[in-house]
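Contents: one structure, followed by commentary.
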Amino acid sequence: LLLHMSMSLSRTLSGLSGRSSRRLFLATYVRTLSSSSSPSSNHNTTSFLRLPLSQTDVFLVGTAHISQESAREVRQLISTVKPDVVAIELCRERAQRFQNQSSFANQKETTPDEVVKKLLKALGVTQDANALGLGGAALKAVVSQMYRGLRMSGLEPGKEFQVAMEEASNVGAKLALIDREQDATFAELRKAIKVSDVMRFMFGGATPLPPELASVFQAYDTSGEGMQETVERLKNRETIRAAVSHLREQYPQIVDVILDQRDEFMAEKIKRLRGSVVAVVGMAHMDGIERRLRQ
């Protein structure tokens, strides 16, 4: 079905004259794509926004960063739209790491241990976490558990960004790195993380997961369902909203740093772009970026 749609789209676009006609058709296509892909993996993962002040067309695609399906969606959208700009949720340092690595599987920045090291550095701690005793163990436990949840909520750079960079080159689009520098984010985390957050996590003070999330994670833990299948089940806007809401109740300052502040930063970067833009971001960022772009 998708192959047939793409072939029909290519023939139709070649017969369209005028930017407005092409924009209208592509916007309709994006809405169709979002509702026509596999129901288990694609739930409102794409949206179209027209920025009237700058006359910019934004095709926003939300991803789960360990989802192969997300990488495929990104490739298909960029090759179809052929935008002037491809914007991705990476900062300069992280983008350089992607470009310098020979394969996605060799990426090392995305392990919990690396996150802990960077976080300790931002906190001004020079020792390794293992040398910090119970405090270091608690920090590693918190980061590892939150890291798992954030990966599944679309907050870790993944293969779809590498695909986006490749496709930008293939269609001759400019590449825009729209995320805040990671050192700035870790510096904000230094101010946001509280001892009470660690204690609440370690000693069971956190509230239970809401039912719609608990059922998904229970399936992963008890039914033998693989990580990839669980990610695809999580990859819809309603479930991600529930996950973000739950995290916000538990760790409001941390979510503000990791999500809200970066939403604001990326939305402002997108507003400065011109022409047609495909913006690739974690699905947890979609609501915040859309809301800010519409303001």
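Quick note on naming: the chains in the structure tokens go A, B, ... in the order shown, residues restart at 1 in each chain, and ligands are numbered from 1 in order of appearance.
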Please identify all polymer residues within 12 Å of Glu181 (chain A), counting only C-alpha atoms, omitting same-chain residues fewer than 3 positions from it, and present them as a list in words.
Glu89, Leu90, Cys91, Arg92, Glu93, Arg94, Ala95, Leu177, Ile178, Ala184, Thr185, Phe186, Ala187, Glu188, Ile258, Gln261, Arg262, Phe265 and Met266 of chain A
Export of prior selection with N, CA and C atoms as a short mmCIF file (atom, residue, chain, number, x, y, z; two decimals), in the first residue's frame:
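Written out: selection.cif:
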```cif
data_model
loop_
_atom_site.label_atom_id
_atom_site.label_comp_id
_atom_site.auth_asym_id
_atom_site.auth_seq_id
_atom_site.Cartn_x
_atom_site.Cartn_y
_atom_site.Cartn_z
N GLU A 89 16.91 16.53 16.02
CA GLU A 89 17.06 16.74 17.46
C GLU A 89 18.45 16.30 17.92
N LEU A 90 19.45 17.00 17.40
CA LEU A 90 20.82 16.79 17.80
C LEU A 90 21.49 18.14 17.98
N CYS A 91 22.48 18.18 18.87
CA CYS A 91 23.33 19.36 18.97
C CYS A 91 24.60 19.08 18.17
N ARG A 92 25.47 20.07 18.10
CA ARG A 92 26.66 19.93 17.26
C ARG A 92 27.56 18.79 17.71
N GLU A 93 27.79 18.68 19.01
CA GLU A 93 28.69 17.64 19.52
C GLU A 93 28.16 16.25 19.24
N ARG A 94 26.87 16.04 19.49
CA ARG A 94 26.30 14.72 19.26
C ARG A 94 26.24 14.40 17.78
N ALA A 95 25.96 15.38 16.94
CA ALA A 95 25.94 15.14 15.50
C ALA A 95 27.32 14.74 15.00
N LEU A 177 20.80 21.53 12.95
CA LEU A 177 20.91 20.90 14.26
C LEU A 177 20.19 21.81 15.25
N ILE A 178 19.06 21.34 15.79
CA ILE A 178 18.17 22.25 16.51
C ILE A 178 18.16 22.04 18.01
N ALA A 184 24.99 22.19 28.18
CA ALA A 184 24.05 23.15 28.77
C ALA A 184 22.90 22.41 29.46
N THR A 185 22.45 21.30 28.84
CA THR A 185 21.38 20.52 29.46
C THR A 185 21.85 19.88 30.76
N PHE A 186 23.06 19.32 30.76
CA PHE A 186 23.58 18.71 31.98
C PHE A 186 23.80 19.76 33.07
N ALA A 187 24.19 20.96 32.67
CA ALA A 187 24.36 22.02 33.66
C ALA A 187 23.03 22.36 34.33
N GLU A 188 21.94 22.36 33.54
CA GLU A 188 20.62 22.60 34.10
C GLU A 188 20.18 21.44 34.99
N ILE A 258 14.78 18.31 30.75
CA ILE A 258 14.96 17.36 29.65
C ILE A 258 13.95 17.58 28.53
N GLN A 261 12.31 22.72 28.43
CA GLN A 261 13.30 23.70 27.99
C GLN A 261 13.80 23.39 26.59
N ARG A 262 13.98 22.12 26.30
CA ARG A 262 14.46 21.74 24.97
C ARG A 262 13.36 21.93 23.92
N PHE A 265 13.58 25.53 23.06
CA PHE A 265 14.79 25.80 22.28
C PHE A 265 14.62 25.33 20.84
N MET A 266 14.11 24.11 20.65
CA MET A 266 13.98 23.56 19.29
C MET A 266 12.91 24.30 18.49
#
```
12 Å contact set for Gln253 (chain A), only C-alpha atoms, chain neighbours under 6 positions out, as a list of chain:residue names
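Near neighbours after the sequence-gap exclusion: A:Glu188, A:Leu189, A:Arg190, A:Lys191, A:Ala192, A:Ile193, A:Lys194, A:Ser196, A:Asp197, A:Leu247, A:Leu259, A:Asp260, A:Gln261.
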Got time to write the residues from that selection, all heavy atoms, as a JSON list (two decimals), in the first residue's frame?
```
[["chain", "number", "residue", "atom", "x", "y", "z"],
["A", 188, "GLU", "N", 21.94, 22.36, 33.54],
["A", 188, "GLU", "CA", 20.62, 22.60, 34.10],
["A", 188, "GLU", "C", 20.18, 21.44, 34.99],
["A", 188, "GLU", "O", 19.52, 21.63, 36.01],
["A", 188, "GLU", "CB", 19.60, 22.84, 32.99],
["A", 188, "GLU", "CG", 19.78, 24.15, 32.23],
["A", 188, "GLU", "CD", 19.59, 25.35, 33.14],
["A", 188, "GLU", "OE1", 18.65, 25.33, 33.97],
["A", 188, "GLU", "OE2", 20.39, 26.29, 33.04],
["A", 189, "LEU", "N", 20.55, 20.21, 34.60],
["A", 189, "LEU", "CA", 20.23, 19.05, 35.42],
["A", 189, "LEU", "C", 20.91, 19.14, 36.78],
["A", 189, "LEU", "O", 20.37, 18.67, 37.79],
["A", 189, "LEU", "CB", 20.65, 17.76, 34.71],
["A", 189, "LEU", "CG", 19.69, 17.20, 33.67],
["A", 189, "LEU", "CD1", 20.29, 15.99, 32.98],
["A", 189, "LEU", "CD2", 18.36, 16.83, 34.30],
["A", 190, "ARG", "N", 22.09, 19.72, 36.80],
["A", 190, "ARG", "CA", 22.80, 19.88, 38.07],
["A", 190, "ARG", "C", 21.95, 20.65, 39.06],
["A", 190, "ARG", "O", 21.94, 20.35, 40.26],
["A", 190, "ARG", "CB", 24.12, 20.62, 37.81],
["A", 190, "ARG", "CG", 24.90, 20.94, 39.08],
["A", 190, "ARG", "CD", 26.18, 21.69, 38.73],
["A", 190, "ARG", "NE", 26.93, 22.02, 39.94],
["A", 190, "ARG", "CZ", 28.10, 22.65, 39.92],
["A", 190, "ARG", "NH1", 28.64, 23.01, 38.77],
["A", 190, "ARG", "NH2", 28.73, 22.90, 41.05],
["A", 191, "LYS", "N", 21.24, 21.64, 38.57],
["A", 191, "LYS", "CA", 20.39, 22.45, 39.45],
["A", 191, "LYS", "C", 19.05, 21.77, 39.73],
["A", 191, "LYS", "O", 18.40, 22.06, 40.73],
["A", 191, "LYS", "CB", 20.16, 23.82, 38.81],
["A", 191, "LYS", "CG", 21.43, 24.66, 38.67],
["A", 191, "LYS", "CD", 21.17, 26.00, 38.04],
["A", 191, "LYS", "CE", 20.88, 25.91, 36.56],
["A", 191, "LYS", "NZ", 20.76, 27.24, 35.91],
["A", 192, "ALA", "N", 18.63, 20.87, 38.83],
["A", 192, "ALA", "CA", 17.28, 20.30, 38.93],
["A", 192, "ALA", "C", 17.21, 19.06, 39.82],
["A", 192, "ALA", "O", 16.21, 18.84, 40.50],
["A", 192, "ALA", "CB", 16.76, 19.95, 37.53],
["A", 193, "ILE", "N", 18.25, 18.23, 39.79],
["A", 193, "ILE", "CA", 18.20, 16.97, 40.54],
["A", 193, "ILE", "C", 18.33, 17.23, 42.03],
["A", 193, "ILE", "O", 19.23, 17.94, 42.48],
["A", 193, "ILE", "CB", 19.31, 16.02, 40.06],
["A", 193, "ILE", "CG1", 19.03, 15.58, 38.62],
["A", 193, "ILE", "CG2", 19.42, 14.80, 40.96],
["A", 193, "ILE", "CD1", 20.08, 14.67, 38.04],
["A", 194, "LYS", "N", 17.43, 16.64, 42.79],
["A", 194, "LYS", "CA", 17.42, 16.80, 44.25],
["A", 194, "LYS", "C", 17.63, 15.45, 44.92],
["A", 194, "LYS", "O", 17.31, 14.40, 44.36],
["A", 194, "LYS", "CB", 16.09, 17.39, 44.71],
["A", 194, "LYS", "CG", 15.80, 18.78, 44.13],
["A", 194, "LYS", "CD", 14.45, 19.27, 44.63],
["A", 194, "LYS", "CE", 14.14, 20.66, 44.08],
["A", 194, "LYS", "NZ", 12.82, 21.16, 44.54],
["A", 196, "SER", "N", 15.94, 14.34, 47.26],
["A", 196, "SER", "CA", 14.62, 13.74, 47.48],
["A", 196, "SER", "C", 14.18, 12.91, 46.29],
["A", 196, "SER", "O", 13.47, 11.91, 46.45],
["A", 196, "SER", "CB", 13.58, 14.84, 47.76],
["A", 196, "SER", "OG", 13.50, 15.76, 46.68],
["A", 197, "ASP", "N", 14.59, 13.31, 45.07],
["A", 197, "ASP", "CA", 14.26, 12.52, 43.89],
["A", 197, "ASP", "C", 14.90, 11.13, 43.98],
["A", 197, "ASP", "O", 14.26, 10.11, 43.71],
["A", 197, "ASP", "CB", 14.74, 13.21, 42.61],
["A", 197, "ASP", "CG", 14.02, 14.52, 42.35],
["A", 197, "ASP", "OD1", 12.85, 14.63, 42.77],
["A", 197, "ASP", "OD2", 14.62, 15.42, 41.75],
["A", 247, "LEU", "N", 5.97, 11.05, 34.55],
["A", 247, "LEU", "CA", 7.30, 11.53, 34.92],
["A", 247, "LEU", "C", 7.26, 12.93, 35.50],
["A", 247, "LEU", "O", 8.00, 13.26, 36.43],
["A", 247, "LEU", "CB", 8.22, 11.50, 33.69],
["A", 247, "LEU", "CG", 8.71, 10.13, 33.23],
["A", 247, "LEU", "CD1", 9.47, 10.25, 31.91],
["A", 247, "LEU", "CD2", 9.60, 9.48, 34.29],
["A", 259, "LEU", "N", 12.76, 18.05, 28.88],
["A", 259, "LEU", "CA", 11.69, 18.14, 27.89],
["A", 259, "LEU", "C", 11.30, 19.58, 27.58],
["A", 259, "LEU", "O", 11.51, 20.06, 26.46],
["A", 259, "LEU", "CB", 10.47, 17.36, 28.39],
["A", 259, "LEU", "CG", 9.43, 16.97, 27.33],
["A", 259, "LEU", "CD1", 10.02, 16.00, 26.33],
["A", 259, "LEU", "CD2", 8.22, 16.35, 28.00],
["A", 260, "ASP", "N", 10.77, 20.29, 28.57],
["A", 260, "ASP", "CA", 10.16, 21.61, 28.31],
["A", 260, "ASP", "C", 11.17, 22.63, 27.78],
["A", 260, "ASP", "O", 10.90, 23.33, 26.80],
["A", 260, "ASP", "CB", 9.51, 22.14, 29.58],
["A", 260, "ASP", "CG", 8.40, 21.24, 30.09],
["A", 260, "ASP", "OD1", 7.83, 20.50, 29.27],
["A", 260, "ASP", "OD2", 8.10, 21.28, 31.30],
["A", 261, "GLN", "N", 12.31, 22.72, 28.43],
["A", 261, "GLN", "CA", 13.30, 23.70, 27.99],
["A", 261, "GLN", "C", 13.80, 23.39, 26.59],
["A", 261, "GLN", "O", 14.02, 24.29, 25.77],
["A", 261, "GLN", "CB", 14.47, 23.74, 28.98],
["A", 261, "GLN", "CG", 14.12, 24.27, 30.35],
["A", 261, "GLN", "CD", 15.31, 24.29, 31.28],
["A", 261, "GLN", "OE1", 16.47, 24.24, 30.85],
["A", 261, "GLN", "NE2", 15.05, 24.36, 32.59]]
```
Take CA of Leu234 (chain A) and CA of Ser67 (chain A) and report the distance between them in Å, one decimal.
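So the two atoms, CA of Leu234 (chain A) and CA of Ser67 (chain A), lie 10.5 Å apart.
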I'd like the contact shell of Thr56 (chain A) - 9 Å cut-off, only C-alpha atoms, skipping same-chain residues fewer than 5 positions apart - returned as a compact mmCIF listing (two decimals) with C-alpha atoms, in the first residue's frame.
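Saved file selection_39.txt follows:
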```
# COMPACT_ATOMS: atom_id res chain seq x y z
CA LEU A 49 2.24 23.02 10.37
CA ARG A 50 2.23 26.20 8.30
CA LEU A 51 4.06 29.13 9.91
CA LYS A 271 10.88 29.22 13.55
CA LEU A 273 14.18 28.20 9.20
CA ARG A 274 12.79 29.02 5.77
CA GLY A 275 11.20 27.03 2.98
CA SER A 276 9.98 23.48 3.54
CA VAL A 277 11.29 21.71 6.64
```
Distance in Å - CA of Gln55 (chain A) versus CA of Arg72 (chain A)
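Computing it gives 28.1 Å between the two atoms.
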To one decimal in Å, tell me the separation between CA of Val231 (chain A) and CA of Pro83 (chain A).
28.0 Å
